[in-house]
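Containing mmCIF, C-alpha atoms: input_27.cif.
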data_target
loop_
_atom_site.label_atom_id
_atom_site.label_comp_id
_atom_site.auth_asym_id
_atom_site.auth_seq_id
_atom_site.Cartn_x
_atom_site.Cartn_y
_atom_site.Cartn_z
CA SER A 292 -59.12 -23.15 -85.39
CA GLN A 293 -57.01 -20.08 -85.56
CA GLY A 294 -54.56 -19.53 -82.60
CA ARG A 295 -53.90 -16.20 -80.95
CA ILE A 296 -50.51 -14.76 -80.14
CA GLY A 297 -50.54 -12.73 -76.88
CA ARG A 298 -48.27 -9.91 -75.82
CA ILE A 299 -46.19 -9.86 -72.61
CA TRP A 300 -45.35 -6.51 -71.05
CA HIS A 301 -42.55 -6.07 -68.51
CA LYS A 302 -40.94 -3.22 -66.65
CA ILE A 303 -37.64 -3.12 -64.79
CA ILE A 304 -37.92 -1.66 -61.27
CA THR A 305 -34.76 -0.33 -59.64
CA ILE A 306 -34.71 -0.55 -55.84
CA SER A 307 -32.26 1.66 -53.96
CA GLY A 308 -31.82 3.39 -50.63
CA GLN A 309 -32.16 0.18 -48.67
CA GLN A 310 -30.03 -0.19 -45.56
CA VAL A 311 -27.71 -3.18 -45.74
CA LYS A 312 -27.28 -4.51 -42.21
CA VAL A 313 -24.10 -6.01 -40.82
CA THR A 314 -24.16 -9.80 -40.74
CA GLY A 315 -20.70 -10.59 -39.37
CA ILE A 316 -17.76 -9.00 -37.53
CA THR A 317 -14.27 -10.47 -37.23
CA VAL A 318 -11.99 -8.85 -34.63
CA THR A 319 -8.21 -9.04 -34.98
CA GLY A 320 -5.19 -7.33 -33.52
CA SER A 321 -2.84 -5.30 -35.69
CA GLY A 322 -0.51 -7.69 -37.51
CA ASN A 323 -2.74 -10.54 -36.29
CA ALA A 324 -1.27 -10.11 -32.80
CA SER A 325 -3.20 -11.69 -29.95
CA SER A 326 -1.07 -10.53 -27.03
CA ILE A 327 0.66 -7.56 -25.40
CA ILE A 328 4.03 -8.44 -23.87
CA THR A 329 5.52 -5.04 -22.95
CA ASP A 330 4.86 -3.04 -19.80
CA LYS A 331 2.03 -0.55 -20.42
CA GLY A 332 1.98 -1.71 -24.06
CA THR A 333 -0.82 -1.10 -26.57
CA LEU A 334 -2.41 -3.01 -29.45
CA GLN A 335 -4.61 -1.53 -32.17
CA MET A 336 -7.70 -3.68 -32.67
CA GLN A 337 -9.42 -3.97 -36.05
CA ALA A 338 -12.91 -5.05 -37.12
CA SER A 339 -13.63 -6.68 -40.50
CA ILE A 340 -17.30 -6.23 -41.47
CA LEU A 341 -19.56 -8.40 -43.64
CA PRO A 342 -21.14 -7.89 -46.04
CA ALA A 343 -18.69 -5.63 -47.82
CA ASP A 344 -21.53 -3.26 -48.81
CA ALA A 345 -22.90 -2.89 -45.28
CA SER A 346 -24.34 0.60 -44.96
CA ASN A 347 -22.79 1.35 -41.57
CA LYS A 348 -19.51 -0.33 -40.73
CA GLU A 349 -18.85 1.53 -37.51
CA VAL A 350 -18.48 -0.44 -34.27
CA THR A 351 -18.43 0.26 -30.55
CA TRP A 352 -15.37 -1.12 -28.73
CA SER A 353 -15.52 -2.58 -25.24
CA ILE A 354 -13.97 -5.23 -23.00
CA SER A 355 -16.43 -7.98 -22.15
CA ALA A 356 -14.18 -9.96 -19.78
CA GLY A 357 -11.02 -9.13 -17.83
CA SER A 358 -11.64 -5.37 -17.79
CA ASN A 359 -9.24 -4.97 -14.85
CA ASN A 360 -6.39 -6.13 -17.09
CA GLY A 361 -6.74 -3.45 -19.76
CA ASN A 362 -8.87 -0.74 -21.31
CA ILE A 363 -9.82 0.16 -24.86
CA SER A 364 -10.47 3.50 -26.53
CA SER A 365 -13.36 4.42 -28.82
CA LYS A 366 -10.94 3.94 -31.73
CA GLY A 367 -10.07 0.38 -30.69
CA LEU A 368 -6.66 1.05 -29.11
CA LEU A 369 -6.15 -1.54 -26.36
CA SER A 370 -3.88 -0.57 -23.44
CA ALA A 371 -2.43 -3.09 -20.98
CA LEU A 372 -2.90 -2.59 -17.23
CA LYS A 373 -2.19 -5.94 -15.56
CA ASN A 374 -0.99 -9.40 -16.48
CA GLY A 375 -3.85 -11.69 -17.45
CA ALA A 376 -6.39 -12.30 -20.20
CA LEU A 377 -9.23 -10.19 -21.54
CA THR A 378 -11.83 -10.29 -24.29
CA VAL A 379 -12.23 -7.39 -26.71
CA LYS A 380 -15.73 -6.95 -28.15
CA ALA A 381 -16.82 -4.97 -31.22
CA THR A 382 -20.56 -4.25 -31.53
CA ALA A 383 -22.12 -3.05 -34.79
CA LYS A 384 -23.58 0.45 -34.56
CA ASP A 385 -26.28 -0.18 -37.16
CA GLY A 386 -28.67 -1.77 -34.68
CA SER A 387 -28.20 -5.26 -36.06
CA GLY A 388 -26.89 -6.49 -32.71
CA VAL A 389 -24.00 -8.28 -34.41
CA ILE A 390 -20.82 -8.59 -32.35
CA GLY A 391 -17.31 -9.91 -32.78
CA THR A 392 -14.81 -10.85 -30.06
CA LYS A 393 -11.11 -11.53 -29.66
CA ASN A 394 -9.21 -12.95 -26.69
CA ILE A 395 -5.98 -11.12 -25.82
CA ASN A 396 -3.27 -12.28 -23.40
CA ILE A 397 -1.33 -9.64 -21.45
CA THR A 398 2.09 -10.36 -19.95
CA GLY A 399 5.21 -8.43 -19.01
CA GLN A 400 3.42 -5.88 -16.85
CA ILE A 401 5.43 -4.56 -13.89
CA VAL A 402 3.39 -5.01 -10.71
CA LYS A 403 3.91 -2.16 -8.25
CA VAL A 404 3.90 -2.46 -4.45
CA THR A 405 0.59 -1.40 -2.87
CA SER A 406 1.29 -1.92 0.84
CA ILE A 407 4.13 -2.62 3.29
CA SER A 408 3.77 -3.98 6.82
CA VAL A 409 6.81 -3.90 9.11
CA GLN A 410 7.31 -6.31 12.00
CA GLY A 411 10.12 -7.45 14.22
CA MET A 412 11.40 -11.01 14.15
CA ASN A 413 9.00 -13.22 16.11
CA ASN A 414 6.66 -10.18 16.19
CA SER A 415 8.90 -8.45 18.73
CA THR A 416 8.66 -4.66 19.07
CA SER A 417 11.33 -4.14 21.73
CA ILE A 418 15.02 -4.49 22.57
CA ASN A 419 15.84 -4.93 26.25
CA GLN A 420 19.49 -5.99 26.20
CA ALA A 421 22.38 -3.54 26.33
CA GLY A 422 23.54 -2.95 22.76
CA GLY A 423 20.98 -5.50 21.58
CA THR A 424 19.62 -5.87 18.06
CA LEU A 425 16.31 -6.70 16.42
CA GLN A 426 15.89 -7.86 12.83
CA LEU A 427 12.95 -6.20 11.10
CA GLU A 428 10.97 -7.88 8.34
CA VAL A 429 8.49 -6.59 5.77
CA ILE A 430 5.33 -8.07 4.31
CA VAL A 431 4.93 -6.63 0.81
CA LEU A 432 1.69 -6.75 -1.18
CA PRO A 433 0.67 -7.79 -3.71
CA ALA A 434 2.46 -11.12 -3.56
CA ASP A 435 3.46 -10.83 -7.23
CA ALA A 436 5.00 -7.37 -6.90
CA ALA A 437 7.91 -7.16 -9.33
CA ASN A 438 10.31 -5.47 -6.89
CA LYS A 439 9.84 -6.16 -3.17
CA ALA A 440 13.05 -4.46 -2.04
CA VAL A 441 12.80 -1.65 0.53
CA SER A 442 15.07 1.02 1.94
CA TRP A 443 15.34 1.52 5.70
CA GLU A 444 15.63 4.72 7.70
CA THR A 445 15.16 6.04 11.22
CA VAL A 446 12.35 8.61 11.34
CA THR A 447 12.57 9.64 15.00
CA GLY A 448 14.94 8.66 17.79
CA GLU A 449 18.18 8.44 15.83
CA ASN A 450 20.07 8.80 19.12
CA ILE A 451 18.11 5.88 20.56
CA GLY A 452 18.50 3.27 17.84
CA ALA A 453 19.96 2.82 14.37
CA VAL A 454 18.85 0.66 11.44
CA ASN A 455 21.12 -0.62 8.67
CA ASN A 456 20.36 -1.39 5.03
CA SER A 457 19.19 -4.89 5.94
CA GLY A 458 16.64 -3.73 8.53
CA LEU A 459 18.73 -4.64 11.58
CA VAL A 460 18.01 -2.27 14.48
CA THR A 461 20.78 -1.71 17.04
CA ALA A 462 19.99 -0.19 20.43
CA LYS A 463 21.87 2.91 21.60
CA LYS A 464 19.93 4.18 24.61
CA ASN A 465 16.59 3.78 26.31
CA GLY A 466 13.62 5.24 24.45
CA ILE A 467 11.41 4.73 21.40
CA VAL A 468 12.70 4.71 17.84
CA LYS A 469 10.48 4.84 14.74
CA ILE A 470 11.74 2.92 11.71
CA LEU A 471 10.44 3.47 8.17
CA ALA A 472 10.57 1.06 5.21
CA THR A 473 10.05 2.54 1.72
CA ALA A 474 9.44 0.53 -1.46
CA LYS A 475 12.24 0.78 -4.02
CA ASP A 476 9.98 0.27 -7.05
CA GLY A 477 9.04 3.93 -7.33
CA SER A 478 5.56 3.48 -5.86
CA ASN A 479 6.61 5.47 -2.75
CA VAL A 480 4.64 3.06 -0.54
CA LYS A 481 5.84 3.08 3.07
CA GLY A 482 5.46 1.09 6.27
CA GLU A 483 6.68 1.92 9.77
CA ILE A 484 7.12 0.46 13.24
CA ASP A 485 7.92 1.79 16.72
CA ILE A 486 10.59 -0.10 18.67
CA THR A 487 10.85 0.37 22.44
CA ILE A 488 14.42 0.16 23.73
CA SER A 489 15.24 -0.42 27.39
CA GLY A 490 17.96 -1.99 29.53
CA GLN A 491 20.74 0.09 28.03
CA ASN A 492 23.70 0.94 30.20
CA THR A 493 23.56 4.52 31.45
CA SER A 494 26.87 6.17 32.22
CA VAL A 495 27.33 8.78 34.95
CA SER A 496 27.62 11.52 32.32
CA ALA A 497 24.42 10.33 30.63
CA ILE A 498 22.55 10.56 33.92
CA THR A 499 23.85 14.05 34.44
CA ASP A 500 22.73 15.08 30.93
CA ARG A 501 19.27 13.59 31.26
CA ALA A 502 16.48 16.08 30.56
CA ILE A 503 14.33 14.96 33.51
CA HIS A 504 15.39 14.13 37.07
CA PHE A 505 13.09 13.10 39.89
CA TYR A 506 13.72 12.91 43.63
CA PRO A 507 13.65 11.72 46.34
CA ASN A 508 13.86 7.98 45.97
CA PRO A 509 12.69 6.44 48.30
CA ALA A 510 9.71 8.83 48.37
CA HIS A 511 6.71 9.32 50.66
CA HIS A 512 3.69 11.33 49.45
CA HIS A 513 5.37 13.45 46.76
CA ILE A 514 8.13 13.34 44.19
CA TYR A 515 9.78 16.38 42.64
CA PHE A 516 11.13 16.96 39.14
CA ASP A 517 14.04 18.93 37.76
CA ARG A 518 12.58 19.42 34.27
CA LYS A 519 15.24 21.62 32.61
CA GLY A 520 12.68 23.68 30.71
CA ILE A 521 10.42 20.80 29.61
CA ASN A 522 6.79 21.94 29.84
CA ARG A 523 4.94 18.63 29.70
CA TYR A 524 5.75 14.98 30.17
CA SER A 525 3.93 11.80 31.14
CA VAL A 526 4.42 9.83 34.33
CA LYS A 527 3.31 6.23 34.75
CA ILE A 528 3.81 4.12 37.86
CA PHE A 529 3.44 0.34 37.86
CA THR A 530 3.51 -2.31 40.54
CA ILE A 531 6.23 -4.95 40.32
CA THR A 532 3.63 -7.28 38.76
CA GLY A 533 2.93 -4.77 35.97
CA LEU A 534 -0.32 -3.24 37.24
CA LYS A 535 -0.55 0.44 36.31
CA VAL A 536 -1.52 2.49 39.38
CA LEU A 537 -0.83 6.01 38.13
CA ASP A 538 -0.94 7.65 34.70
CA LYS A 539 -0.69 11.44 34.49
CA GLU A 540 0.39 14.24 32.19
CA VAL A 541 2.56 16.46 34.39
CA THR A 542 3.20 20.19 33.92
CA GLU A 543 4.41 21.05 37.43
CA ASP A 544 7.57 20.34 39.40
CA ILE A 545 5.77 18.23 42.00
CA LEU A 546 3.60 15.13 41.78
CA GLU A 547 1.43 13.79 44.59
CA ILE A 548 1.60 10.02 44.96
CA ASN A 549 -0.84 8.56 47.47
CA LEU A 550 0.25 4.96 47.13
CA GLN A 551 0.84 2.22 49.65
CA GLY A 552 4.42 1.63 50.68
CA GLY A 553 6.34 -0.79 48.52
CA CYS A 554 8.46 -1.19 45.41
CA TYR A 555 7.18 0.23 42.10
CA VAL A 556 8.44 1.01 38.61
CA ILE A 557 8.21 4.61 37.41
CA VAL A 558 8.31 5.56 33.72
CA ILE A 559 8.76 9.23 32.80
CA ALA A 560 8.46 10.04 29.08
CA HIS A 561 9.05 13.10 26.95
CA ASP A 562 8.92 13.00 23.13
CA ASP A 563 10.93 9.94 22.07
CA GLU A 564 12.92 9.57 25.31
CA PHE A 565 11.97 8.02 28.61
CA ILE A 566 13.49 6.89 31.87
CA LYS A 567 12.41 3.76 33.67
CA GLU A 568 13.53 3.14 37.23
CA LYS A 569 12.53 1.42 40.44
CA LEU A 570 10.72 3.68 42.90
CA LEU A 571 10.49 2.90 46.61
CA ILE A 572 7.56 4.38 48.51
CA TYR A 573 7.41 4.27 52.31
#
In structure tokens, write the structure found in this file.
Amino acid sequence: SQGRIGRIWHKIITISGQQVKVTGITVTGSGNASSIITDKGTLQMQASILPADASNKEVTWSISAGSNNGNISSKGLLSALKNGALTVKATAKDGSGVIGTKNINITGQIVKVTSISVQGMNNSTSINQAGGTLQLEVIVLPADAANKAVSWETVTGENIGAVNNSGLVTAKKNGIVKILATAKDGSNVKGEIDITISGQNTSVSAITDRAIHFYPNPAHHHIYFDRKGINRYSVKIFTITGLKVLDKEVTEDILEINLQGGCYVIVIAHDDEFIKEKLLIY
């Protein structure tokens, strides 16, 4: 028999215009760095994309863990905020859903003071001995603040009490003194406390110079005031056991006191000064 030789036809088809999706992302820090060790330092993050001919190699930068420790820009610049660890994530923009991550450690950040509480030693807020002292203390937060030092100053009542650089308050005269502690780390955070000072020796000249005088003592139904131009002041009267029996804002030169006969304590206050004396009523 006679064989037949067939013909084979072929045609080459060129395919183009196909989108090549991202299959892998490797995230690194500039110079292969994996940490930031300077205060408020930065690190440029980089994304290596596979395959090399991926149609769209753009990524979206974000922080997937530890976002309170740093932030990252749309260009991948990582900025340190706090000491700790975080995870940088790069997500492909081509819709492939491919991501890459890199863990970064952050150290060397200076932690600022956020709050200051002032208290007296043993929680005391008073000095009742002549020329007495009270050591003030501060509670500074956060606990890992880099600089917990404070400066001390008297805000009101400088003639009543003084505070030194170590927070030691020294009594000068009876009254209320306000002490302020300010953080030295530049945060400008402040804390304050009022200290009541009593029991200070009063000289004859000091009594004469006092802004408020009252009389008579012993008294009956009324007491009178020599106010020396003061328009308003407060008057409180206590029993010997500490029970408050009168509390008034006074604007006149006379005060009616309908109290039973006995021994009381009267406190007359104006601004940051006050007088505290025994009052006999008959």
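Reported to one decimal place, the separation of atom CA of A:Phe529 from atom CA of A:Thr424 is 26.3 Å.
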Please list as a short mmCIF file (atom, residue, chain, number, x, y, z; two decimals) with C-alpha atoms, in the frame of the given file every residue within 9 Å of A:Ile548, counting all atoms listed in the file and excluding residues in the same chain fewer than 4 positions away.
data_model
loop_
_atom_site.label_atom_id
_atom_site.label_comp_id
_atom_site.auth_asym_id
_atom_site.auth_seq_id
_atom_site.Cartn_x
_atom_site.Cartn_y
_atom_site.Cartn_z
CA ALA A 510 9.71 8.83 48.37
CA HIS A 511 6.71 9.32 50.66
CA HIS A 512 3.69 11.33 49.45
CA HIS A 513 5.37 13.45 46.76
CA ILE A 514 8.13 13.34 44.19
CA LEU A 537 -0.83 6.01 38.13
CA ILE A 572 7.56 4.38 48.51
#
Selected residue of minimal separation from A:Phe505 among A:Leu571, A:Ile340, A:Ile559, A:Ser355, counting all atoms listed in the file:
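Between A:Leu571, A:Ile340, A:Ile559, A:Ser355, the residue approaching A:Phe505 most closely is A:Ile559.
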Restricting the calculation to only C-alpha atoms, which member of A:Ala453, A:Ile418, A:Ala371, A:Ile395 is positioned closest to A:Asn465?
A:Ile418
Could you list the residues chosen by the PyMOL selection byres ((chain A and resi 360) around 8) in this structure as an MDAnalysis selection string?
chainID A and resid 357:359 361:362 371:377 397
Since the input has fewer atoms than a full residue there, write stretch 328-361 of chain A out with N, CA and C atoms, as an mmCIF file, keeping the file's coordinate frame.
data_model
loop_
_atom_site.group_PDB
_atom_site.id
_atom_site.type_symbol
_atom_site.label_atom_id
_atom_site.label_comp_id
_atom_site.auth_asym_id
_atom_site.auth_seq_id
_atom_site.Cartn_x
_atom_site.Cartn_y
_atom_site.Cartn_z
ATOM 1 N N ILE A 328 2.973 -7.857 -24.709
ATOM 2 C CA ILE A 328 4.030 -8.440 -23.870
ATOM 3 C C ILE A 328 4.949 -7.383 -23.267
ATOM 4 N N THR A 329 4.678 -6.107 -23.507
ATOM 5 C CA THR A 329 5.520 -5.040 -22.950
ATOM 6 C C THR A 329 4.759 -4.283 -21.876
ATOM 7 N N ASP A 330 5.488 -3.777 -20.894
ATOM 8 C CA ASP A 330 4.860 -3.040 -19.800
ATOM 9 C C ASP A 330 4.148 -1.797 -20.336
ATOM 10 N N LYS A 331 2.879 -1.666 -19.987
ATOM 11 C CA LYS A 331 2.030 -0.550 -20.420
ATOM 12 C C LYS A 331 1.908 -0.484 -21.951
ATOM 13 N N GLY A 332 2.049 -1.656 -22.603
ATOM 14 C CA GLY A 332 1.980 -1.710 -24.060
ATOM 15 C C GLY A 332 0.571 -1.514 -24.595
ATOM 16 N N THR A 333 0.469 -1.300 -25.911
ATOM 17 C CA THR A 333 -0.820 -1.100 -26.570
ATOM 18 C C THR A 333 -0.922 -2.004 -27.800
ATOM 19 N N LEU A 334 -2.160 -2.225 -28.243
ATOM 20 C CA LEU A 334 -2.410 -3.010 -29.450
ATOM 21 C C LEU A 334 -3.638 -2.420 -30.145
ATOM 22 N N GLN A 335 -3.481 -2.059 -31.414
ATOM 23 C CA GLN A 335 -4.610 -1.530 -32.170
ATOM 24 C C GLN A 335 -5.490 -2.692 -32.641
ATOM 25 N N MET A 336 -6.757 -2.657 -32.260
ATOM 26 C CA MET A 336 -7.700 -3.680 -32.670
ATOM 27 C C MET A 336 -8.405 -3.240 -33.954
ATOM 28 N N GLN A 337 -8.779 -4.234 -34.766
ATOM 29 C CA GLN A 337 -9.420 -3.970 -36.050
ATOM 30 C C GLN A 337 -10.670 -4.829 -36.175
ATOM 31 N N ALA A 338 -11.668 -4.318 -36.910
ATOM 32 C CA ALA A 338 -12.910 -5.050 -37.120
ATOM 33 C C ALA A 338 -13.174 -5.174 -38.617
ATOM 34 N N SER A 339 -13.280 -6.422 -39.102
ATOM 35 C CA SER A 339 -13.630 -6.680 -40.500
ATOM 36 C C SER A 339 -15.132 -6.948 -40.573
ATOM 37 N N ILE A 340 -15.833 -6.215 -41.437
ATOM 38 C CA ILE A 340 -17.300 -6.230 -41.470
ATOM 39 C C ILE A 340 -17.804 -6.957 -42.714
ATOM 40 N N LEU A 341 -18.821 -7.778 -42.541
ATOM 41 C CA LEU A 341 -19.560 -8.400 -43.640
ATOM 42 C C LEU A 341 -21.026 -8.026 -43.531
ATOM 43 N N PRO A 342 -21.689 -7.822 -44.677
ATOM 44 C CA PRO A 342 -21.140 -7.890 -46.040
ATOM 45 C C PRO A 342 -20.302 -6.657 -46.352
ATOM 46 N N ALA A 343 -19.583 -6.725 -47.451
ATOM 47 C CA ALA A 343 -18.690 -5.630 -47.820
ATOM 48 C C ALA A 343 -19.445 -4.338 -48.087
ATOM 49 N N ASP A 344 -20.749 -4.452 -48.500
ATOM 50 C CA ASP A 344 -21.530 -3.260 -48.810
ATOM 51 C C ASP A 344 -22.445 -2.846 -47.661
ATOM 52 N N ALA A 345 -22.101 -3.304 -46.441
ATOM 53 C CA ALA A 345 -22.900 -2.890 -45.280
ATOM 54 C C ALA A 345 -22.961 -1.374 -45.218
ATOM 55 N N SER A 346 -24.144 -0.854 -44.939
ATOM 56 C CA SER A 346 -24.340 0.600 -44.960
ATOM 57 C C SER A 346 -23.552 1.311 -43.875
ATOM 58 N N ASN A 347 -23.481 0.724 -42.710
ATOM 59 C CA ASN A 347 -22.790 1.350 -41.570
ATOM 60 C C ASN A 347 -21.814 0.344 -40.983
ATOM 61 N N LYS A 348 -20.532 0.607 -41.195
ATOM 62 C CA LYS A 348 -19.510 -0.330 -40.730
ATOM 63 C C LYS A 348 -18.865 0.090 -39.418
ATOM 64 N N GLU A 349 -19.425 1.082 -38.778
ATOM 65 C CA GLU A 349 -18.850 1.530 -37.510
ATOM 66 C C GLU A 349 -19.192 0.553 -36.391
ATOM 67 N N VAL A 350 -18.263 0.459 -35.413
ATOM 68 C CA VAL A 350 -18.480 -0.440 -34.270
ATOM 69 C C VAL A 350 -18.186 0.313 -32.972
ATOM 70 N N THR A 351 -18.733 -0.215 -31.906
ATOM 71 C CA THR A 351 -18.430 0.260 -30.550
ATOM 72 C C THR A 351 -17.492 -0.749 -29.901
ATOM 73 N N TRP A 352 -16.362 -0.240 -29.359
ATOM 74 C CA TRP A 352 -15.370 -1.120 -28.730
ATOM 75 C C TRP A 352 -15.597 -1.193 -27.227
ATOM 76 N N SER A 353 -15.406 -2.391 -26.689
ATOM 77 C CA SER A 353 -15.520 -2.580 -25.240
ATOM 78 C C SER A 353 -14.742 -3.825 -24.843
ATOM 79 N N ILE A 354 -14.599 -4.024 -23.535
ATOM 80 C CA ILE A 354 -13.970 -5.230 -23.000
ATOM 81 C C ILE A 354 -15.043 -6.006 -22.254
ATOM 82 N N SER A 355 -15.329 -7.202 -22.723
ATOM 83 C CA SER A 355 -16.430 -7.980 -22.150
ATOM 84 C C SER A 355 -15.989 -8.867 -20.998
ATOM 85 N N ALA A 356 -14.696 -9.147 -20.890
ATOM 86 C CA ALA A 356 -14.180 -9.960 -19.780
ATOM 87 C C ALA A 356 -12.745 -9.534 -19.502
ATOM 88 N N GLY A 357 -12.378 -9.502 -18.206
ATOM 89 C CA GLY A 357 -11.020 -9.130 -17.830
ATOM 90 C C GLY A 357 -10.759 -7.639 -17.921
ATOM 91 N N SER A 358 -11.781 -6.827 -17.635
ATOM 92 C CA SER A 358 -11.640 -5.370 -17.790
ATOM 93 C C SER A 358 -10.630 -4.766 -16.825
ATOM 94 N N ASN A 359 -10.262 -5.493 -15.761
ATOM 95 C CA ASN A 359 -9.240 -4.970 -14.850
ATOM 96 C C ASN A 359 -7.825 -5.155 -15.410
ATOM 97 N N ASN A 360 -7.705 -5.888 -16.500
ATOM 98 C CA ASN A 360 -6.390 -6.130 -17.090
ATOM 99 C C ASN A 360 -6.033 -5.157 -18.208
ATOM 100 N N GLY A 361 -7.009 -4.396 -18.680
ATOM 101 C CA GLY A 361 -6.740 -3.450 -19.760
ATOM 102 C C GLY A 361 -7.931 -2.572 -20.025
#
